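Data from data_12.cif: mmCIF, N, CA and C atoms and all ligand atoms
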data_query
loop_
_atom_site.group_PDB
_atom_site.id
_atom_site.type_symbol
_atom_site.label_atom_id
_atom_site.label_comp_id
_atom_site.auth_asym_id
_atom_site.auth_seq_id
_atom_site.Cartn_x
_atom_site.Cartn_y
_atom_site.Cartn_z
ATOM 1 N N MET A 1 116.111 113.891 107.579
ATOM 2 C CA MET A 1 114.939 113.042 107.858
ATOM 3 C C MET A 1 113.920 113.893 108.592
ATOM 4 N N ARG A 2 112.655 113.689 108.272
ATOM 5 C CA ARG A 2 111.613 114.492 108.884
ATOM 6 C C ARG A 2 111.246 113.919 110.244
ATOM 7 N N GLY A 3 111.447 114.736 111.314
ATOM 8 C CA GLY A 3 111.284 114.240 112.666
ATOM 9 C C GLY A 3 109.885 113.796 113.018
ATOM 10 N N SER A 4 108.845 114.414 112.408
ATOM 11 C CA SER A 4 107.483 114.084 112.793
ATOM 12 C C SER A 4 106.874 112.968 111.942
ATOM 13 N N ALA A 5 107.642 112.439 110.994
ATOM 14 C CA ALA A 5 107.127 111.364 110.150
ATOM 15 C C ALA A 5 106.899 110.109 111.000
ATOM 16 N N PRO A 6 105.937 109.261 110.603
ATOM 17 C CA PRO A 6 105.729 108.032 111.361
ATOM 18 C C PRO A 6 106.973 107.150 111.302
ATOM 19 N N VAL A 7 107.184 106.374 112.361
ATOM 20 C CA VAL A 7 108.360 105.505 112.424
ATOM 21 C C VAL A 7 108.283 104.451 111.328
ATOM 22 N N LYS A 8 109.404 104.228 110.650
ATOM 23 C CA LYS A 8 109.440 103.158 109.649
ATOM 24 C C LYS A 8 110.717 102.361 109.829
ATOM 25 N N THR A 9 110.672 101.127 109.390
ATOM 26 C CA THR A 9 111.826 100.254 109.531
ATOM 27 C C THR A 9 112.739 100.386 108.312
ATOM 28 N N PHE A 10 113.920 99.788 108.425
ATOM 29 C CA PHE A 10 114.877 99.775 107.311
ATOM 30 C C PHE A 10 114.233 99.160 106.063
ATOM 31 N N ASP A 11 113.540 98.022 106.260
ATOM 32 C CA ASP A 11 112.913 97.347 105.119
ATOM 33 C C ASP A 11 111.788 98.184 104.513
ATOM 34 N N GLU A 12 111.028 98.845 105.375
ATOM 35 C CA GLU A 12 109.930 99.682 104.870
ATOM 36 C C GLU A 12 110.476 100.867 104.083
ATOM 37 N N LEU A 13 111.568 101.461 104.562
ATOM 38 C CA LEU A 13 112.174 102.570 103.808
ATOM 39 C C LEU A 13 112.679 102.064 102.460
ATOM 40 N N PHE A 14 113.300 100.880 102.449
ATOM 41 C CA PHE A 14 113.825 100.355 101.186
ATOM 42 C C PHE A 14 112.693 100.110 100.184
ATOM 43 N N ALA A 15 111.574 99.612 100.671
ATOM 44 C CA ALA A 15 110.419 99.395 99.788
ATOM 45 C C ALA A 15 109.933 100.731 99.220
ATOM 46 N N GLU A 16 109.903 101.753 100.076
ATOM 47 C CA GLU A 16 109.466 103.079 99.628
ATOM 48 C C GLU A 16 110.433 103.641 98.582
ATOM 49 N N LEU A 17 111.725 103.509 98.846
ATOM 50 C CA LEU A 17 112.718 104.042 97.898
ATOM 51 C C LEU A 17 112.724 103.248 96.588
ATOM 52 N N SER A 18 112.466 101.949 96.675
ATOM 53 C CA SER A 18 112.378 101.125 95.459
ATOM 54 C C SER A 18 111.236 101.621 94.576
ATOM 55 N N GLU A 19 110.150 101.999 95.208
ATOM 56 C CA GLU A 19 109.006 102.528 94.458
ATOM 57 C C GLU A 19 109.365 103.874 93.819
ATOM 58 N N ARG A 20 110.106 104.712 94.560
ATOM 59 C CA ARG A 20 110.568 105.989 93.988
ATOM 60 C C ARG A 20 111.482 105.721 92.787
ATOM 61 N N ALA A 21 112.321 104.710 92.898
ATOM 62 C CA ALA A 21 113.231 104.375 91.795
ATOM 63 C C ALA A 21 112.446 103.909 90.568
ATOM 64 N N ARG A 22 111.352 103.223 90.819
ATOM 65 C CA ARG A 22 110.541 102.694 89.722
ATOM 66 C C ARG A 22 109.745 103.808 89.033
ATOM 67 N N THR A 23 109.175 104.706 89.844
ATOM 68 C CA THR A 23 108.257 105.704 89.278
ATOM 69 C C THR A 23 108.919 107.067 89.041
ATOM 70 N N ARG A 24 110.038 107.334 89.720
ATOM 71 C CA ARG A 24 110.779 108.596 89.570
ATOM 72 C C ARG A 24 109.863 109.827 89.613
ATOM 73 N N PRO A 25 109.109 110.011 90.694
ATOM 74 C CA PRO A 25 108.195 111.159 90.740
ATOM 75 C C PRO A 25 108.957 112.482 90.867
ATOM 76 N N GLU A 26 108.388 113.518 90.283
ATOM 77 C CA GLU A 26 108.967 114.848 90.380
ATOM 78 C C GLU A 26 108.971 115.280 91.844
ATOM 79 N N GLY A 27 110.055 115.918 92.272
ATOM 80 C CA GLY A 27 110.123 116.408 93.651
ATOM 81 C C GLY A 27 110.641 115.381 94.642
ATOM 82 N N SER A 28 110.906 114.166 94.185
ATOM 83 C CA SER A 28 111.440 113.129 95.070
ATOM 84 C C SER A 28 112.948 113.310 95.226
ATOM 85 N N ALA A 29 113.411 113.429 96.493
ATOM 86 C CA ALA A 29 114.846 113.531 96.760
ATOM 87 C C ALA A 29 115.550 112.272 96.264
ATOM 88 N N THR A 30 114.883 111.153 96.384
ATOM 89 C CA THR A 30 115.466 109.866 95.987
ATOM 90 C C THR A 30 115.624 109.781 94.479
ATOM 91 N N ALA A 31 114.602 110.201 93.761
ATOM 92 C CA ALA A 31 114.694 110.188 92.296
ATOM 93 C C ALA A 31 115.849 111.071 91.842
ATOM 94 N N ALA A 32 116.007 112.229 92.485
ATOM 95 C CA ALA A 32 117.105 113.136 92.128
ATOM 96 C C ALA A 32 118.451 112.501 92.450
ATOM 97 N N ALA A 33 118.556 111.877 93.622
ATOM 98 C CA ALA A 33 119.824 111.259 94.022
ATOM 99 C C ALA A 33 120.169 110.090 93.100
ATOM 100 N N LEU A 34 119.178 109.359 92.649
ATOM 101 C CA LEU A 34 119.436 108.248 91.727
ATOM 102 C C LEU A 34 119.899 108.781 90.367
ATOM 103 N N ALA A 35 119.307 109.887 89.954
ATOM 104 C CA ALA A 35 119.702 110.483 88.667
ATOM 105 C C ALA A 35 121.141 111.005 88.720
ATOM 106 N N ASP A 36 121.630 111.326 89.905
ATOM 107 C CA ASP A 36 122.996 111.848 90.052
ATOM 108 C C ASP A 36 124.068 110.788 89.788
ATOM 109 N N GLY A 37 123.713 109.508 89.902
ATOM 110 C CA GLY A 37 124.670 108.450 89.591
ATOM 111 C C GLY A 37 125.426 107.921 90.803
ATOM 112 N N VAL A 38 126.105 106.798 90.584
ATOM 113 C CA VAL A 38 126.752 106.066 91.680
ATOM 114 C C VAL A 38 127.905 106.856 92.297
ATOM 115 N N HIS A 39 128.645 107.618 91.503
ATOM 116 C CA HIS A 39 129.755 108.389 92.060
ATOM 117 C C HIS A 39 129.231 109.373 93.114
ATOM 118 N N ALA A 40 128.204 110.123 92.766
ATOM 119 C CA ALA A 40 127.616 111.097 93.703
ATOM 120 C C ALA A 40 126.969 110.375 94.890
ATOM 121 N N GLN A 41 126.351 109.243 94.637
ATOM 122 C CA GLN A 41 125.725 108.478 95.728
ATOM 123 C C GLN A 41 126.782 108.003 96.715
ATOM 124 N N GLY A 42 127.913 107.558 96.193
ATOM 125 C CA GLY A 42 129.007 107.111 97.065
ATOM 126 C C GLY A 42 129.569 108.249 97.896
ATOM 127 N N LYS A 43 129.712 109.420 97.291
ATOM 128 C CA LYS A 43 130.199 110.583 98.037
ATOM 129 C C LYS A 43 129.260 110.930 99.181
ATOM 130 N N LYS A 44 127.956 110.809 98.948
ATOM 131 C CA LYS A 44 126.976 111.100 100.004
ATOM 132 C C LYS A 44 127.106 110.100 101.159
ATOM 133 N N VAL A 45 127.353 108.836 100.818
ATOM 134 C CA VAL A 45 127.547 107.830 101.870
ATOM 135 C C VAL A 45 128.742 108.223 102.736
ATOM 136 N N LEU A 46 129.837 108.580 102.079
ATOM 137 C CA LEU A 46 131.050 108.952 102.820
ATOM 138 C C LEU A 46 130.817 110.195 103.672
ATOM 139 N N GLU A 47 130.136 111.180 103.102
ATOM 140 C CA GLU A 47 129.839 112.423 103.822
ATOM 141 C C GLU A 47 129.002 112.136 105.074
ATOM 142 N N GLU A 48 127.973 111.325 104.907
ATOM 143 C CA GLU A 48 127.106 111.026 106.065
ATOM 144 C C GLU A 48 127.840 110.168 107.090
ATOM 145 N N ALA A 49 128.702 109.273 106.622
ATOM 146 C CA ALA A 49 129.480 108.460 107.560
ATOM 147 C C ALA A 49 130.373 109.360 108.406
ATOM 148 N N GLY A 50 130.960 110.373 107.794
ATOM 149 C CA GLY A 50 131.786 111.325 108.543
ATOM 150 C C GLY A 50 130.961 112.090 109.566
ATOM 151 N N GLU A 51 129.751 112.451 109.194
ATOM 152 C CA GLU A 51 128.883 113.185 110.120
ATOM 153 C C GLU A 51 128.447 112.298 111.283
ATOM 154 N N VAL A 52 128.274 111.016 111.009
ATOM 155 C CA VAL A 52 127.961 110.070 112.088
ATOM 156 C C VAL A 52 129.126 110.005 113.071
ATOM 157 N N TRP A 53 130.322 109.900 112.540
ATOM 158 C CA TRP A 53 131.526 109.835 113.386
ATOM 159 C C TRP A 53 131.630 111.080 114.272
ATOM 160 N N ILE A 54 131.482 112.255 113.658
ATOM 161 C CA ILE A 54 131.579 113.503 114.428
ATOM 162 C C ILE A 54 130.481 113.572 115.484
ATOM 163 N N ALA A 55 129.272 113.215 115.098
ATOM 164 C CA ALA A 55 128.153 113.252 116.062
ATOM 165 C C ALA A 55 128.396 112.281 117.215
ATOM 166 N N ALA A 56 128.968 111.123 116.907
ATOM 167 C CA ALA A 56 129.228 110.123 117.958
ATOM 168 C C ALA A 56 130.209 110.653 118.990
ATOM 169 N N GLU A 57 131.175 111.439 118.526
ATOM 170 C CA GLU A 57 132.182 111.956 119.457
ATOM 171 C C GLU A 57 131.766 113.234 120.165
ATOM 172 N N HIS A 58 130.941 114.063 119.481
ATOM 173 C CA HIS A 58 130.749 115.423 119.989
ATOM 174 C C HIS A 58 129.305 115.865 120.165
ATOM 175 N N GLU A 59 128.339 115.100 119.710
ATOM 176 C CA GLU A 59 126.967 115.620 119.699
ATOM 177 C C GLU A 59 126.022 114.746 120.522
ATOM 178 N N SER A 60 124.785 115.190 120.619
ATOM 179 C CA SER A 60 123.794 114.513 121.459
ATOM 180 C C SER A 60 123.337 113.185 120.840
ATOM 181 N N ASP A 61 122.695 112.387 121.658
ATOM 182 C CA ASP A 61 122.133 111.125 121.164
ATOM 183 C C ASP A 61 121.150 111.391 120.022
ATOM 184 N N GLU A 62 120.349 112.448 120.170
ATOM 185 C CA GLU A 62 119.344 112.758 119.150
ATOM 186 C C GLU A 62 119.997 113.134 117.821
ATOM 187 N N ARG A 63 121.041 113.955 117.884
ATOM 188 C CA ARG A 63 121.756 114.342 116.656
ATOM 189 C C ARG A 63 122.420 113.113 116.031
ATOM 190 N N LEU A 64 123.003 112.265 116.883
ATOM 191 C CA LEU A 64 123.641 111.050 116.371
ATOM 192 C C LEU A 64 122.603 110.163 115.671
ATOM 193 N N ALA A 65 121.444 110.009 116.300
ATOM 194 C CA ALA A 65 120.398 109.175 115.697
ATOM 195 C C ALA A 65 119.975 109.742 114.345
ATOM 196 N N GLU A 66 119.896 111.059 114.266
ATOM 197 C CA GLU A 66 119.501 111.696 113.000
ATOM 198 C C GLU A 66 120.556 111.442 111.921
ATOM 199 N N GLU A 67 121.811 111.567 112.291
ATOM 200 C CA GLU A 67 122.882 111.329 111.311
ATOM 201 C C GLU A 67 122.913 109.863 110.881
ATOM 202 N N VAL A 68 122.674 108.966 111.831
ATOM 203 C CA VAL A 68 122.636 107.539 111.466
ATOM 204 C C VAL A 68 121.486 107.287 110.492
ATOM 205 N N SER A 69 120.350 107.927 110.727
ATOM 206 C CA SER A 69 119.208 107.720 109.818
ATOM 207 C C SER A 69 119.563 108.204 108.413
ATOM 208 N N GLN A 70 120.306 109.300 108.317
ATOM 209 C CA GLN A 70 120.686 109.803 106.989
ATOM 210 C C GLN A 70 121.701 108.888 106.321
ATOM 211 N N LEU A 71 122.586 108.298 107.141
ATOM 212 C CA LEU A 71 123.536 107.338 106.572
ATOM 213 C C LEU A 71 122.796 106.111 106.022
ATOM 214 N N LEU A 72 121.822 105.617 106.783
ATOM 215 C CA LEU A 72 121.051 104.461 106.314
ATOM 216 C C LEU A 72 120.329 104.805 105.009
ATOM 217 N N TYR A 73 119.770 106.012 104.966
ATOM 218 C CA TYR A 73 119.095 106.451 103.736
ATOM 219 C C TYR A 73 120.079 106.463 102.566
ATOM 220 N N ARG A 74 121.241 107.045 102.775
ATOM 221 C CA ARG A 74 122.223 107.155 101.681
ATOM 222 C C ARG A 74 122.752 105.795 101.241
ATOM 223 N N VAL A 75 122.882 104.871 102.178
ATOM 224 C CA VAL A 75 123.298 103.511 101.821
ATOM 225 C C VAL A 75 122.215 102.848 100.956
ATOM 226 N N GLN A 76 120.968 103.065 101.310
ATOM 227 C CA GLN A 76 119.891 102.478 100.516
ATOM 228 C C GLN A 76 119.854 103.072 99.108
ATOM 229 N N VAL A 77 120.076 104.381 99.006
ATOM 230 C CA VAL A 77 120.101 105.005 97.676
ATOM 231 C C VAL A 77 121.223 104.394 96.837
ATOM 232 N N LEU A 78 122.389 104.208 97.458
ATOM 233 C CA LEU A 78 123.517 103.600 96.735
ATOM 234 C C LEU A 78 123.185 102.172 96.303
ATOM 235 N N MET A 79 122.565 101.420 97.185
ATOM 236 C CA MET A 79 122.152 100.055 96.823
ATOM 237 C C MET A 79 121.240 100.078 95.599
ATOM 238 N N LEU A 80 120.268 100.995 95.628
ATOM 239 C CA LEU A 80 119.341 101.081 94.494
ATOM 240 C C LEU A 80 120.064 101.558 93.242
ATOM 241 N N GLY A 81 121.016 102.463 93.426
ATOM 242 C CA GLY A 81 121.773 102.961 92.280
ATOM 243 C C GLY A 81 122.536 101.852 91.579
ATOM 244 N N ARG A 82 122.986 100.870 92.362
ATOM 245 C CA ARG A 82 123.708 99.730 91.803
ATOM 246 C C ARG A 82 122.806 98.533 91.516
ATOM 247 N N GLY A 83 121.530 98.654 91.886
ATOM 248 C CA GLY A 83 120.589 97.565 91.606
ATOM 249 C C GLY A 83 120.623 96.428 92.600
ATOM 250 N N LEU A 84 121.173 96.670 93.793
ATOM 251 C CA LEU A 84 121.183 95.624 94.826
ATOM 252 C C LEU A 84 119.835 95.541 95.526
ATOM 253 N N THR A 85 119.492 94.338 95.968
ATOM 254 C CA THR A 85 118.297 94.129 96.785
ATOM 255 C C THR A 85 118.711 93.947 98.245
ATOM 256 N N LEU A 86 117.719 93.979 99.127
ATOM 257 C CA LEU A 86 118.000 93.697 100.536
ATOM 258 C C LEU A 86 118.554 92.284 100.702
ATOM 259 N N GLU A 87 118.023 91.347 99.935
ATOM 260 C CA GLU A 87 118.477 89.958 100.032
ATOM 261 C C GLU A 87 119.950 89.834 99.663
ATOM 262 N N ASP A 88 120.383 90.603 98.655
ATOM 263 C CA ASP A 88 121.791 90.577 98.252
ATOM 264 C C ASP A 88 122.698 90.915 99.429
ATOM 265 N N VAL A 89 122.222 91.815 100.292
ATOM 266 C CA VAL A 89 123.010 92.239 101.449
ATOM 267 C C VAL A 89 122.797 91.302 102.629
ATOM 268 N N TYR A 90 121.546 90.970 102.908
ATOM 269 C CA TYR A 90 121.225 90.183 104.104
ATOM 270 C C TYR A 90 121.889 88.809 104.087
ATOM 271 N N LYS A 91 122.124 88.280 102.899
ATOM 272 C CA LYS A 91 122.737 86.937 102.848
ATOM 273 C C LYS A 91 124.157 86.934 103.412
ATOM 274 N N HIS A 92 124.737 88.147 103.554
ATOM 275 C CA HIS A 92 126.085 88.239 104.119
ATOM 276 C C HIS A 92 126.081 88.492 105.627
ATOM 277 N N LEU A 93 124.914 88.736 106.205
ATOM 278 C CA LEU A 93 124.863 89.062 107.628
ATOM 279 C C LEU A 93 124.940 87.808 108.477
HETATM 280 N N1 LIG B 101 115.034 109.551 104.902
HETATM 281 C C1 LIG B 101 115.140 110.339 103.958
HETATM 282 C C2 LIG B 101 116.244 111.234 103.817
HETATM 283 N N2 LIG B 101 117.334 111.443 104.580
HETATM 284 C C3 LIG B 101 118.015 112.403 103.939
HETATM 285 N N3 LIG B 101 117.388 112.788 102.812
HETATM 286 C C4 LIG B 101 117.809 113.785 101.803
HETATM 287 O O1 LIG B 101 119.066 114.257 102.167
HETATM 288 C C5 LIG B 101 119.030 115.679 102.311
HETATM 289 C C6 LIG B 101 119.931 116.054 103.449
HETATM 290 O O2 LIG B 101 121.168 115.547 103.113
HETATM 291 P P1 LIG B 101 122.468 116.396 103.329
HETATM 292 O O3 LIG B 101 122.802 116.412 104.772
HETATM 293 O O4 LIG B 101 123.494 115.911 102.362
HETATM 294 O O5 LIG B 101 121.907 117.785 102.954
HETATM 295 P P2 LIG B 101 122.541 118.979 102.264
HETATM 296 O O6 LIG B 101 123.735 118.549 101.497
HETATM 297 O O7 LIG B 101 122.691 120.049 103.268
HETATM 298 O O8 LIG B 101 121.343 119.322 101.336
HETATM 299 P P3 LIG B 101 120.992 118.790 99.887
HETATM 300 O O9 LIG B 101 121.443 119.896 98.992
HETATM 301 O O10 LIG B 101 121.721 117.488 99.667
HETATM 302 O O11 LIG B 101 119.481 118.607 99.906
HETATM 303 C C7 LIG B 101 117.593 116.001 102.599
HETATM 304 O O12 LIG B 101 117.260 117.307 102.172
HETATM 305 C C8 LIG B 101 116.894 114.973 101.737
HETATM 306 O O13 LIG B 101 116.906 115.443 100.399
HETATM 307 C C9 LIG B 101 116.297 112.079 102.694
HETATM 308 N N4 LIG B 101 115.341 112.083 101.730
HETATM 309 C C10 LIG B 101 114.294 111.257 101.880
HETATM 310 N N5 LIG B 101 114.167 110.394 102.951
HETATM 311 C C11 LIG B 101 112.990 109.518 103.041
HETATM 312 O O14 LIG B 101 112.887 108.845 101.809
HETATM 313 C C12 LIG B 101 111.517 108.640 101.475
HETATM 314 C C13 LIG B 101 111.264 109.114 100.057
HETATM 315 O O15 LIG B 101 111.546 110.478 99.955
HETATM 316 P P4 LIG B 101 111.393 111.212 98.527
HETATM 317 O O16 LIG B 101 112.263 110.493 97.577
HETATM 318 O O17 LIG B 101 111.818 112.634 98.764
HETATM 319 O O18 LIG B 101 109.959 111.105 98.154
HETATM 320 C C14 LIG B 101 110.696 109.424 102.517
HETATM 321 O O19 LIG B 101 110.219 108.487 103.449
HETATM 322 C C15 LIG B 101 111.708 110.327 103.161
HETATM 323 O O20 LIG B 101 111.415 110.549 104.506
#
Rewrite the structure from the file as structure tokens, please.
Amino acid sequence: MRGSAPVKTFDELFAELSERARTRPEGSATAAALADGVHAQGKKVLEEAGEVWIAAEHESDERLAEEVSQLLYRVQVLMLGRGLTLEDVYKHL
């Protein structure tokens, strides 16, 4: 995640990634991750979850926050890969 980017919410990121999924612009990390398929998207979720765990036990608050942001990103990519909406998830909260 780019540290100097303006702050955005979970919903705002999902809207941005949904647009990337729709338009698939060249150079988009999201478009590439979506093209990789659900198996690869799931592996990324697991990888980032492991990094969150390690950061929680051994690293700074800032590193942990960065890893959590990447996990949230990877979860959103997986949701888009499977065609889930935020509402599909929020109804279970
Ligand atoms: N928040 C993120 C974000 N978090 C992580 N990543 C991607 O995940 C990569 C880092 O993941 P890893 O730790 O797995 O990295 P790595 O395995 O060492 O490197 P890779 O070979 O996977 O790139 C970054 O290089 C990005 O490609 C993200 N890519 C995009 N976003 C946001 O998504 C939006 C759309 O981005 P684009 O799709 O690139 O336009 C923008 O707001 C971005 O800030």
- Item | Site check for ligand LIG 101 (chain B): residues at most 7 Å away, all atoms listed in the file, as a PyMOL selection string | chain A and resi 1-2+13+16-17+20+27-32+44+48+69-71+73-74
Pull N, CA and C atoms from the residues just selected and write them as a PDB file, in the coordinates of the input.
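The file below, selection30.pdb, is the result:
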ATOM      1  N   MET A   1     116.111 113.891 107.579  1.00  0.00           N
ATOM      2  CA  MET A   1     114.939 113.042 107.858  1.00  0.00           C
ATOM      3  C   MET A   1     113.920 113.893 108.592  1.00  0.00           C
ATOM      4  N   ARG A   2     112.655 113.689 108.272  1.00  0.00           N
ATOM      5  CA  ARG A   2     111.613 114.492 108.884  1.00  0.00           C
ATOM      6  C   ARG A   2     111.246 113.919 110.244  1.00  0.00           C
ATOM      7  N   LEU A  13     111.568 101.461 104.562  1.00  0.00           N
ATOM      8  CA  LEU A  13     112.174 102.570 103.808  1.00  0.00           C
ATOM      9  C   LEU A  13     112.679 102.064 102.460  1.00  0.00           C
ATOM     10  N   GLU A  16     109.903 101.753 100.076  1.00  0.00           N
ATOM     11  CA  GLU A  16     109.466 103.079  99.628  1.00  0.00           C
ATOM     12  C   GLU A  16     110.433 103.641  98.582  1.00  0.00           C
ATOM     13  N   LEU A  17     111.725 103.509  98.846  1.00  0.00           N
ATOM     14  CA  LEU A  17     112.718 104.042  97.898  1.00  0.00           C
ATOM     15  C   LEU A  17     112.724 103.248  96.588  1.00  0.00           C
ATOM     16  N   ARG A  20     110.106 104.712  94.560  1.00  0.00           N
ATOM     17  CA  ARG A  20     110.568 105.989  93.988  1.00  0.00           C
ATOM     18  C   ARG A  20     111.482 105.721  92.787  1.00  0.00           C
ATOM     19  N   GLY A  27     110.055 115.918  92.272  1.00  0.00           N
ATOM     20  CA  GLY A  27     110.123 116.408  93.651  1.00  0.00           C
ATOM     21  C   GLY A  27     110.641 115.381  94.642  1.00  0.00           C
ATOM     22  N   SER A  28     110.906 114.166  94.185  1.00  0.00           N
ATOM     23  CA  SER A  28     111.440 113.129  95.070  1.00  0.00           C
ATOM     24  C   SER A  28     112.948 113.310  95.226  1.00  0.00           C
ATOM     25  N   ALA A  29     113.411 113.429  96.493  1.00  0.00           N
ATOM     26  CA  ALA A  29     114.846 113.531  96.760  1.00  0.00           C
ATOM     27  C   ALA A  29     115.550 112.272  96.264  1.00  0.00           C
ATOM     28  N   THR A  30     114.883 111.153  96.384  1.00  0.00           N
ATOM     29  CA  THR A  30     115.466 109.866  95.987  1.00  0.00           C
ATOM     30  C   THR A  30     115.624 109.781  94.479  1.00  0.00           C
ATOM     31  N   ALA A  31     114.602 110.201  93.761  1.00  0.00           N
ATOM     32  CA  ALA A  31     114.694 110.188  92.296  1.00  0.00           C
ATOM     33  C   ALA A  31     115.849 111.071  91.842  1.00  0.00           C
ATOM     34  N   ALA A  32     116.007 112.229  92.485  1.00  0.00           N
ATOM     35  CA  ALA A  32     117.105 113.136  92.128  1.00  0.00           C
ATOM     36  C   ALA A  32     118.451 112.501  92.450  1.00  0.00           C
ATOM     37  N   LYS A  44     127.956 110.809  98.948  1.00  0.00           N
ATOM     38  CA  LYS A  44     126.976 111.100 100.004  1.00  0.00           C
ATOM     39  C   LYS A  44     127.106 110.100 101.159  1.00  0.00           C
ATOM     40  N   GLU A  48     127.973 111.325 104.907  1.00  0.00           N
ATOM     41  CA  GLU A  48     127.106 111.026 106.065  1.00  0.00           C
ATOM     42  C   GLU A  48     127.840 110.168 107.090  1.00  0.00           C
ATOM     43  N   SER A  69     120.350 107.927 110.727  1.00  0.00           N
ATOM     44  CA  SER A  69     119.208 107.720 109.818  1.00  0.00           C
ATOM     45  C   SER A  69     119.563 108.204 108.413  1.00  0.00           C
ATOM     46  N   GLN A  70     120.306 109.300 108.317  1.00  0.00           N
ATOM     47  CA  GLN A  70     120.686 109.803 106.989  1.00  0.00           C
ATOM     48  C   GLN A  70     121.701 108.888 106.321  1.00  0.00           C
ATOM     49  N   LEU A  71     122.586 108.298 107.141  1.00  0.00           N
ATOM     50  CA  LEU A  71     123.536 107.338 106.572  1.00  0.00           C
ATOM     51  C   LEU A  71     122.796 106.111 106.022  1.00  0.00           C
ATOM     52  N   TYR A  73     119.770 106.012 104.966  1.00  0.00           N
ATOM     53  CA  TYR A  73     119.095 106.451 103.736  1.00  0.00           C
ATOM     54  C   TYR A  73     120.079 106.463 102.566  1.00  0.00           C
ATOM     55  N   ARG A  74     121.241 107.045 102.775  1.00  0.00           N
ATOM     56  CA  ARG A  74     122.223 107.155 101.681  1.00  0.00           C
ATOM     57  C   ARG A  74     122.752 105.795 101.241  1.00  0.00           C
TER      58      ARG A  74
END
- Gap from atom C of A:Ala35 to atom N of A:Phe10 - Å, one decimal: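 Computed distance, atom C of A:Ala35 to atom N of A:Phe10, equals 23.8 Å.
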- Query: Where does DSSP see helix (DSSP H, G or I) in stretch 12-42 of chain A, if you list the residues as a PyMOL selection string?
  - Reply: chain A and resi 12-23+29-36+38-42
Same residues, N, CA and C atoms, output as a short mmCIF file (atom, residue, chain, number, x, y, z; two decimals), keeping the file's coordinate frame:
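Written output follows (selection.cif):
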data_model
loop_
_atom_site.label_atom_id
_atom_site.label_comp_id
_atom_site.auth_asym_id
_atom_site.auth_seq_id
_atom_site.Cartn_x
_atom_site.Cartn_y
_atom_site.Cartn_z
N GLU A 12 111.03 98.84 105.38
CA GLU A 12 109.93 99.68 104.87
C GLU A 12 110.48 100.87 104.08
N LEU A 13 111.57 101.46 104.56
CA LEU A 13 112.17 102.57 103.81
C LEU A 13 112.68 102.06 102.46
N PHE A 14 113.30 100.88 102.45
CA PHE A 14 113.82 100.36 101.19
C PHE A 14 112.69 100.11 100.18
N ALA A 15 111.57 99.61 100.67
CA ALA A 15 110.42 99.40 99.79
C ALA A 15 109.93 100.73 99.22
N GLU A 16 109.90 101.75 100.08
CA GLU A 16 109.47 103.08 99.63
C GLU A 16 110.43 103.64 98.58
N LEU A 17 111.72 103.51 98.85
CA LEU A 17 112.72 104.04 97.90
C LEU A 17 112.72 103.25 96.59
N SER A 18 112.47 101.95 96.68
CA SER A 18 112.38 101.12 95.46
C SER A 18 111.24 101.62 94.58
N GLU A 19 110.15 102.00 95.21
CA GLU A 19 109.01 102.53 94.46
C GLU A 19 109.36 103.87 93.82
N ARG A 20 110.11 104.71 94.56
CA ARG A 20 110.57 105.99 93.99
C ARG A 20 111.48 105.72 92.79
N ALA A 21 112.32 104.71 92.90
CA ALA A 21 113.23 104.38 91.80
C ALA A 21 112.45 103.91 90.57
N ARG A 22 111.35 103.22 90.82
CA ARG A 22 110.54 102.69 89.72
C ARG A 22 109.74 103.81 89.03
N THR A 23 109.18 104.71 89.84
CA THR A 23 108.26 105.70 89.28
C THR A 23 108.92 107.07 89.04
N ALA A 29 113.41 113.43 96.49
CA ALA A 29 114.85 113.53 96.76
C ALA A 29 115.55 112.27 96.26
N THR A 30 114.88 111.15 96.38
CA THR A 30 115.47 109.87 95.99
C THR A 30 115.62 109.78 94.48
N ALA A 31 114.60 110.20 93.76
CA ALA A 31 114.69 110.19 92.30
C ALA A 31 115.85 111.07 91.84
N ALA A 32 116.01 112.23 92.48
CA ALA A 32 117.10 113.14 92.13
C ALA A 32 118.45 112.50 92.45
N ALA A 33 118.56 111.88 93.62
CA ALA A 33 119.82 111.26 94.02
C ALA A 33 120.17 110.09 93.10
N LEU A 34 119.18 109.36 92.65
CA LEU A 34 119.44 108.25 91.73
C LEU A 34 119.90 108.78 90.37
N ALA A 35 119.31 109.89 89.95
CA ALA A 35 119.70 110.48 88.67
C ALA A 35 121.14 111.00 88.72
N ASP A 36 121.63 111.33 89.90
CA ASP A 36 123.00 111.85 90.05
C ASP A 36 124.07 110.79 89.79
N VAL A 38 126.10 106.80 90.58
CA VAL A 38 126.75 106.07 91.68
C VAL A 38 127.90 106.86 92.30
N HIS A 39 128.65 107.62 91.50
CA HIS A 39 129.76 108.39 92.06
C HIS A 39 129.23 109.37 93.11
N ALA A 40 128.20 110.12 92.77
CA ALA A 40 127.62 111.10 93.70
C ALA A 40 126.97 110.38 94.89
N GLN A 41 126.35 109.24 94.64
CA GLN A 41 125.72 108.48 95.73
C GLN A 41 126.78 108.00 96.72
N GLY A 42 127.91 107.56 96.19
CA GLY A 42 129.01 107.11 97.06
C GLY A 42 129.57 108.25 97.90
#
- The distance between atom N of A:Glu59 and atom C of A:Lys43 is 21.0 Å
- Query: When you draw a straight line from atom CA of A:Phe14 to atom CA of A:Glu57, how long is it in Å?
  - Reply: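 Answer for the atom CA of A:Phe14 to atom CA of A:Glu57 separation: 28.4 Å.
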- For A:Ala40, work out the shell of residues within 12 Å, counting only C-alpha atoms and skipping chain neighbours fewer than 5 positions away, then give it as a PyMOL selection string. chain A and resi 32-35+45-47+74-75+77-78+81
- Message: So, with only C-alpha atoms as the atoms that count, which of A:Glu19, A:Asp61, A:Arg82, A:Gln76 lies closest to A:Gly37?
- Response: A:Arg82
- Closest of A:Ala21, A:Val68, A:Ala55, A:Val7 to A:Leu80, counting all atoms listed in the file, is A:Ala21
- Message: From the options A:Gly83, A:Asp11, A:Glu66, A:Pro25, which residue's atoms come nearest to A:Glu51, counting only N, CA and C atoms?
- Response: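 Checking each candidate against A:Glu51, we get A:Glu66 as the closest.
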